[in-house]
>>> print(open('input_38.txt').read())   # compact mmCIF, C-alpha atoms
# COMPACT_ATOMS: atom_id res chain seq x y z
CA MET A 1 -17.00 39.80 -68.04
CA LYS A 2 -17.50 37.14 -65.38
CA GLY A 3 -20.96 35.92 -64.37
CA MET A 4 -22.12 33.41 -61.79
CA PHE A 5 -19.48 31.00 -60.42
CA GLY A 6 -16.85 33.10 -62.18
CA LEU A 7 -18.07 31.97 -65.59
CA SER A 8 -17.84 34.09 -68.69
CA GLU A 9 -20.99 35.20 -70.49
CA PRO A 10 -20.70 32.50 -73.21
CA GLU A 11 -20.18 29.87 -70.51
CA VAL A 12 -23.26 31.09 -68.62
CA LYS A 13 -25.27 30.73 -71.83
CA ILE A 14 -24.03 27.14 -72.15
CA VAL A 15 -25.05 26.39 -68.55
CA VAL A 16 -28.53 27.87 -69.05
CA ASP A 17 -28.96 26.00 -72.34
CA VAL A 18 -27.97 22.66 -70.80
CA LEU A 19 -30.16 23.23 -67.73
CA ILE A 20 -33.17 23.90 -69.97
CA LYS A 21 -32.44 20.71 -71.90
CA LEU A 22 -32.08 18.76 -68.65
CA GLY A 23 -35.39 20.11 -67.39
CA VAL A 24 -37.24 19.29 -70.61
CA SER A 25 -35.68 15.83 -70.82
CA ALA A 26 -36.46 15.04 -67.16
CA LEU A 27 -40.09 16.00 -67.76
CA LEU A 28 -40.40 13.88 -70.89
CA GLY A 29 -38.61 10.91 -69.34
CA GLY A 30 -40.72 11.25 -66.21
CA LEU A 31 -43.92 11.06 -68.27
CA VAL A 32 -42.84 7.84 -69.94
CA GLY A 33 -41.66 6.45 -66.61
CA TRP A 34 -44.96 7.43 -64.99
CA GLU A 35 -46.84 5.15 -67.41
CA ARG A 36 -44.50 2.27 -66.56
CA GLU A 37 -44.82 3.02 -62.82
CA VAL A 38 -48.62 2.94 -62.99
CA HIS A 39 -48.45 -0.56 -64.47
CA GLY A 40 -46.04 -1.76 -61.79
CA ARG A 41 -43.09 -2.27 -64.12
CA PRO A 42 -39.52 -2.57 -62.75
CA ALA A 43 -38.34 0.69 -64.39
CA GLY A 44 -40.52 3.62 -63.38
CA ILE A 45 -40.37 7.39 -63.04
CA ARG A 46 -36.98 7.72 -61.34
CA THR A 47 -35.26 5.24 -63.65
CA HIS A 48 -36.49 6.95 -66.81
CA MET A 49 -35.69 10.42 -65.46
CA LEU A 50 -32.16 9.48 -64.39
CA LEU A 51 -31.60 7.68 -67.67
CA ILE A 52 -32.60 10.60 -69.87
CA ILE A 53 -30.69 13.11 -67.70
CA GLY A 54 -27.57 10.96 -68.09
CA VAL A 55 -28.05 10.67 -71.84
CA VAL A 56 -28.37 14.45 -72.20
CA LEU A 57 -25.27 15.05 -70.08
CA PHE A 58 -23.18 12.53 -72.03
CA THR A 59 -24.39 13.94 -75.35
CA GLU A 60 -23.76 17.55 -74.30
CA ALA A 61 -20.27 16.72 -73.01
CA SER A 62 -19.43 14.84 -76.20
CA LYS A 63 -19.96 18.04 -78.22
CA TYR A 64 -16.72 19.37 -76.76
CA PHE A 65 -14.66 16.33 -77.71
CA ALA A 66 -13.01 15.71 -81.03
CA HIS A 67 -15.49 14.57 -83.67
CA SER A 68 -14.32 10.96 -83.57
CA GLU A 69 -14.50 10.90 -79.76
CA ALA A 70 -18.01 12.38 -79.81
CA SER A 71 -19.31 9.57 -82.01
CA ARG A 72 -17.67 7.01 -79.70
CA VAL A 73 -19.42 8.53 -76.68
CA ALA A 74 -22.79 8.36 -78.45
CA ALA A 75 -22.18 4.74 -79.40
CA GLN A 76 -21.27 3.82 -75.83
CA VAL A 77 -24.41 5.52 -74.53
CA VAL A 78 -26.47 3.30 -76.83
CA VAL A 79 -24.64 0.20 -75.60
CA GLY A 80 -25.12 1.21 -71.96
CA VAL A 81 -28.82 1.79 -72.46
CA GLY A 82 -29.08 -1.65 -74.07
CA PHE A 83 -27.61 -3.29 -70.97
CA LEU A 84 -29.96 -1.33 -68.72
CA GLY A 85 -32.96 -2.36 -70.80
CA ALA A 86 -31.88 -6.00 -70.71
CA GLY A 87 -32.00 -5.85 -66.92
CA THR A 88 -35.75 -5.23 -67.03
CA ILE A 89 -36.49 -8.41 -69.03
CA ILE A 90 -37.73 -11.32 -66.93
CA ARG A 91 -38.34 -14.88 -68.12
CA THR A 92 -40.94 -16.91 -66.19
CA GLY A 93 -41.37 -20.38 -67.64
CA GLY A 94 -42.21 -19.84 -71.29
CA GLU A 95 -43.34 -16.26 -70.76
CA ILE A 96 -41.02 -13.30 -71.29
CA ARG A 97 -41.90 -10.04 -69.57
CA GLY A 98 -40.31 -6.62 -69.59
CA LEU A 99 -39.69 -6.23 -73.33
CA THR A 100 -41.99 -3.21 -73.52
CA THR A 101 -40.22 -1.55 -70.59
CA ALA A 102 -36.84 -2.26 -72.20
CA ALA A 103 -38.15 -0.67 -75.40
CA SER A 104 -39.43 2.36 -73.46
CA ILE A 105 -35.95 2.80 -71.95
CA TRP A 106 -34.41 2.61 -75.42
CA ALA A 107 -36.90 5.15 -76.80
CA THR A 108 -36.35 7.47 -73.83
CA ALA A 109 -32.61 7.47 -74.53
CA GLY A 110 -33.34 8.51 -78.10
CA ILE A 111 -35.59 11.30 -76.85
CA GLY A 112 -32.77 12.50 -74.61
CA MET A 113 -30.34 12.65 -77.52
CA ALA A 114 -32.88 14.62 -79.57
CA VAL A 115 -33.32 17.10 -76.70
CA SER A 116 -29.56 17.53 -76.50
CA LEU A 117 -29.36 18.40 -80.20
CA GLY A 118 -31.80 21.26 -79.57
CA GLY A 119 -33.44 23.41 -82.23
CA ALA A 120 -35.92 21.50 -84.38
CA PHE A 121 -34.92 18.29 -82.60
CA MET A 122 -36.37 19.68 -79.36
CA ALA A 123 -39.82 19.68 -80.98
CA ILE A 124 -39.10 16.23 -82.40
CA ALA A 125 -38.22 15.00 -78.90
CA VAL A 126 -41.54 16.28 -77.51
CA LEU A 127 -43.48 14.66 -80.35
CA ALA A 128 -41.53 11.41 -79.88
CA ALA A 129 -42.43 11.40 -76.16
CA VAL A 130 -46.11 11.93 -77.05
CA LEU A 131 -45.91 9.10 -79.57
CA ALA A 132 -44.23 6.84 -76.99
CA LEU A 133 -47.02 7.54 -74.49
CA PHE A 134 -49.62 6.91 -77.21
CA THR A 135 -47.98 3.57 -77.93
CA LEU A 136 -47.78 2.56 -74.26
CA ILE A 137 -51.31 3.65 -73.33
CA VAL A 138 -53.62 3.69 -76.35
CA VAL A 139 -52.03 0.91 -78.40
CA ASP A 140 -51.88 -1.26 -75.25
CA VAL A 141 -55.65 -0.90 -74.80
CA LEU A 142 -56.32 -1.68 -78.46
CA GLU A 143 -53.98 -4.67 -78.38
CA HIS A 144 -55.67 -6.21 -75.36
CA ARG A 145 -59.13 -5.56 -76.76
CA PHE A 146 -58.67 -6.77 -80.32
CA LEU A 147 -55.66 -9.11 -80.34
CA HIS A 148 -55.20 -10.84 -76.99
CA THR A 149 -58.80 -12.03 -76.97
CA LYS A 150 -58.45 -13.57 -80.45
CA GLN A 151 -55.15 -15.37 -80.17
CA PRO A 152 -55.24 -18.51 -77.99
CA LYS A 153 -52.16 -19.57 -76.06
CA GLY A 154 -51.07 -22.99 -74.91
CA MET A 155 -50.27 -23.65 -71.26
CA ARG A 156 -48.79 -26.82 -69.78
CA LEU A 157 -49.21 -27.27 -66.05
CA LYS A 158 -48.39 -29.93 -63.50
CA ILE A 159 -50.66 -30.27 -60.47
CA ASP A 160 -50.80 -32.67 -57.53
CA ASP A 161 -54.07 -34.50 -58.18
CA GLN A 162 -57.30 -34.50 -60.22
CA ASN A 163 -59.41 -32.77 -57.58
CA GLN A 164 -57.07 -29.78 -57.49
CA ALA A 165 -56.96 -29.81 -61.31
CA PHE A 166 -60.78 -29.64 -61.48
CA ALA A 167 -60.79 -26.83 -58.90
CA LEU A 168 -58.24 -24.86 -60.92
CA LEU A 169 -60.15 -25.33 -64.19
CA GLU A 170 -63.37 -24.25 -62.49
CA HIS A 171 -61.61 -21.20 -61.10
CA LEU A 172 -60.22 -20.25 -64.53
CA SER A 173 -63.58 -20.81 -66.22
CA ALA A 174 -65.21 -18.43 -63.74
CA GLN A 175 -62.93 -15.62 -64.91
CA HIS A 176 -64.93 -13.45 -67.31
CA ASP A 177 -61.85 -12.38 -69.27
CA VAL A 178 -60.37 -15.89 -69.68
CA GLN A 179 -61.71 -18.77 -71.75
CA ILE A 180 -60.51 -22.39 -71.64
CA ARG A 181 -60.94 -23.65 -75.20
CA SER A 182 -59.58 -27.16 -74.70
CA VAL A 183 -58.05 -29.41 -72.06
CA GLU A 184 -55.77 -32.36 -72.81
CA VAL A 185 -54.63 -34.78 -70.12
CA VAL A 186 -50.99 -35.54 -70.88
CA GLN A 187 -50.34 -37.50 -67.68
CA SER A 188 -52.70 -38.64 -64.94
CA ALA A 189 -50.30 -40.22 -62.41
CA PRO A 190 -48.42 -39.74 -60.19
CA ASP A 191 -48.94 -36.05 -60.97
CA VAL A 192 -51.55 -34.63 -63.30
CA VAL A 193 -50.13 -32.88 -66.35
CA LEU A 194 -52.54 -30.85 -68.49
CA ASP A 195 -52.25 -28.97 -71.75
CA LEU A 196 -54.67 -26.05 -71.87
CA GLU A 197 -55.60 -23.79 -74.75
CA VAL A 198 -56.42 -20.41 -73.25
CA ARG A 199 -57.97 -17.36 -74.86
CA GLY A 200 -58.51 -13.92 -73.34
CA ALA A 201 -56.54 -11.75 -70.95
CA THR A 202 -53.53 -14.02 -70.55
CA GLN A 203 -51.15 -11.34 -69.24
CA GLY A 204 -50.33 -12.19 -65.63
CA LEU A 205 -52.36 -15.41 -65.83
CA LEU A 206 -49.31 -17.64 -65.40
CA GLU A 207 -48.53 -16.10 -62.02
CA LYS A 208 -52.13 -16.62 -60.87
CA VAL A 209 -52.05 -20.27 -61.90
CA LEU A 210 -48.71 -20.85 -60.14
CA ALA A 211 -50.18 -19.36 -56.96
CA HIS A 212 -53.09 -21.85 -57.00
CA GLN A 213 -53.02 -24.69 -54.48
CA GLY A 214 -51.37 -27.87 -55.73
CA VAL A 215 -49.80 -26.41 -58.87
CA ARG A 216 -46.18 -27.53 -59.15
CA SER A 217 -45.29 -25.88 -62.44
CA ALA A 218 -46.88 -23.95 -65.27
CA ALA A 219 -45.47 -22.53 -68.50
CA TRP A 220 -46.64 -21.25 -71.84
CA HIS A 221 -45.86 -23.46 -74.82
CA ASN A 222 -46.70 -23.73 -78.49
CA HIS A 223 -50.02 -25.48 -78.91
>>> encode(input="input_38.txt", output="structure tokens")
Amino acid sequence: MKGMFGLSEPEVKIVVDVLIKLGVSALLGGLVGWEREVHGRPAGIRTHMLLIIGVVLFTEASKYFAHSEASRVAAQVVVGVGFLGAGTIIRTGGEIRGLTTAASIWATAGIGMAVSLGGAFMAIAVLAAVLALFTLIVVDVLEHRFLHTKQPKGMRLKIDDQNQAFALLEHLSAQHDVQIRSVEVVQSAPDVVLDLEVRGATQGLLEKVLAHQGVRSAAWHNH
């Protein structure tokens, strides 16, 4: 008996099953991507949704290959996701950004594979998505509250002259969530080079310093 699009009843069941998996995976991937989008990260809702949809499609299609071919498809999906995640990593001076987004892409791919397996793994995929959101939202808050404020970081910056250096230090000291623990003058002429020990909310601080008048370079370094 032929159903929609001339498909047989078993084929219609396959289509419905895959569509349900695609819908569930798109929802879960969209939730993870939403958190990244809210924080202005390079991979947001659409990227995570398209990624997880692609993973489910590849995994579903691989079920109809020979066993050895199916495992090769799964392995290539993992490799492809790794390249996509690497594209979200940005290095600015001594600071590396985007690792969390790359990890969220990796985790989302795993969630997609779990959805594709169906059955008990569907529930596991939902729980994994909840755990990923917990990690991105709750653990992020705890990390910034209890770790970032306790671990000082070293910053080396080059600035045009002493007056601009004093203005920058005064500006940083006025920030309630940033503390300057020590200042070492490495070079005073022709440019001023300073080593700072900074404690507090250091995420995004490097970009703010680089935007300050007179700053020629700034980078995190081991202090």
>>> closest_residue(input="input_38.txt", among="A:Gly154, A:Gly204, A:Gly118, A:Gly44", to="A:Ser182", atoms="only C-alpha atoms")
A:Gly154
>>> residues_around(input="input_38.txt", residues="A:Ala129", least_positions_apart="6", cutoff="12 Å", atoms="only C-alpha atoms", output="ChimeraX atom specification")
/A:24-33,35,48,52,104-112,114-115,122-123,135-136
>>> atom_distance(input="input_38.txt", atom1="atom CA of A:Arg41", atom2="atom CA of A:Ser217")
23.8 Å
>>> closest_atom_pairs(input="input_38.txt", of="stretch 81-186 of chain A", to="stretch 64-77 of chain A", cutoff="9 Å", atoms="only C-alpha atoms", output="JSON lines")
{"residue": "A:Val81", "atom": "CA", "partner": "A:Val77", "partner_atom": "CA", "distance": 6.1}
{"residue": "A:Gly82", "atom": "CA", "partner": "A:Val77", "partner_atom": "CA", "distance": 8.6}
{"residue": "A:Ala109", "atom": "CA", "partner": "A:Val77", "partner_atom": "CA", "distance": 8.4}
{"residue": "A:Met113", "atom": "CA", "partner": "A:Ala74", "partner_atom": "CA", "distance": 8.7}
>>> atom_distance(input="input_38.txt", atom1="atom CA of A:Leu51", atom2="atom CA of A:Leu131")
18.7 Å
>>> atom_distance(input="input_38.txt", atom1="atom CA of A:Gln203", atom2="atom CA of A:Val178")
10.3 Å
>>> closest_residue(input="input_38.txt", among="A:Pro42, A:Leu196, A:Phe134, A:Val209", to="A:Ile89", atoms="all atoms listed in the file")
A:Pro42
>>> axis_aligned_box(input="input_38.txt", around="stretch 161-168 of chain A", padding_each_side="6 Å", output="AutoDock Vina command-line options")
--center_x -57.4 --center_y -29.7 --center_z -59.5 --size_x 18.7 --size_y 21.6 --size_z 16.0
>>> closest_residue(input="input_38.txt", among="A:Val138, A:Val198, A:Val130, A:Leu205", to="A:Arg181", atoms="only C-alpha atoms")
A:Val198
>>> closest_residue(input="input_38.txt", among="A:Ala43, A:Leu194, A:Met49, A:Val186", to="A:Ala102", atoms="all atoms listed in the file")
A:Ala43
